[in-house]
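J.: I'd like to ask some things about the structure below.
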Amino acid sequence: MEESLPITISASESLTKRYNKLTSVVNKQEAQVNFQTLAAGWYEDEDKITHIEMLLVGNDEYLQQLATDNSGDITEISDDVMLYINQTQLKCIIAITDVEMELLDKEPKVLSGYISIKMKKVINEIAEKQGLLTLPL
């Protein structure tokens with residue numbers, strides 16, 4: 001039986017079509033975040049492991065998700081990040097805003113670093129809410 005990672009990160013189809021390197025950037029970020037959270041002691045109590053599903057979406061998709069998703073208690077982390085909490089299951093919707101997309105369209109080389117920083121900031125917000133150690137940026 002294959003076990004999934006405690007933290008999964010994916011991107012919407014429209015974003016992966018717009019940024020052809022996004023899938024590899026997201027996969028690399030997922031591996032790094034899972035390793036860093038393991039090293040930070042997030043999984044010491046196997047009965048209390050929090051599973052986090054993170055989804056990167058465009059701004060228009062984000063607004064649609066807010067209107068339709070009701071998969072737990074809602075916590076707004078920022079104006080472009082929404083967190084749904086259902087016991088030890090967290091679903092996090094992260095918008096790439098229109099301004100951010102313009103930047104990424106003009107400067108595609110910053111995609112990897114930008115996604116890395118944005119994801120770690122969100123992970124650290126979740127860590128603070130869950131009483132876990134934050135990760136270095």
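Each chain of the structure tokens is named A, B, ... in the order shown, its residues numbered from 1; ligands are numbered from 1 in display order.
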Among chain A, which residues carry a DSSP assignment of helix (DSSP H, G or I), reported as an NGL selection string?
T.: :A and (13-18 or 22-39 or 46-48 or 59-68 or 98-106 or 108-130)
J.: Residues at most 12 Å from Ala39 in chain A, counting only C-alpha atoms, excluding those fewer than 2 positions away in the same chain, as a list of chain:residue names?
T.: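 Those residues are A:Gln32, A:Val33, A:Asn34, A:Phe35, A:Gln36, A:Thr37, A:Gly41, A:Trp42, A:Tyr43, A:Glu44, A:Leu132, A:Leu133, A:Thr134, A:Leu135, A:Pro136.
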J.: Closest to Ser4 in chain A among A:Lys129, A:His51, A:Lys121, A:Lys106, using only C-alpha atoms?
T.: A:His51
J.: Considering only C-alpha atoms, can you say which of A:Cys92, A:Ile52, A:Leu5, A:Ala67 comes closest to Ala31 in chain A?
T.: A:Leu5
J.: Check the smallest atom-to-atom distance from each of A:Ile49, A:Gln87, A:Leu56, A:Ile77 to Asn124 in chain A using only C-alpha atoms, then report the winner.
T.: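 Closest to Asn124 in chain A, using only C-alpha atoms: A:Ile77.
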J.: Running DSSP on the backbone, which parts of chain A land in strand (DSSP E or B), as number ranges by chain?
T.: A: 7-11, 51-58, 73-78, 81-86, 89-96
J.: Would you please work out which residue, of A:Gln65, A:Thr16, A:Gln29, A:Thr88, is nearest to Met119 in chain A when using only C-alpha atoms?
T.: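 Looking at the shortest contact to Met119 in chain A, the residue is A:Gln29.
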J.: Which one of A:Ile85, A:Ala40, A:Ile126, A:Ile93 sits closest to Tyr62 in chain A if you count only C-alpha atoms?
T.: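 Under the stated criterion, the closest residue is A:Ile93.
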J.: With only C-alpha atoms as the basis for distance, which of A:Gly113, A:Thr23, A:Val81, A:Gln89 is at the shortest distance from Pro6 in chain A?
T.: A:Gln89
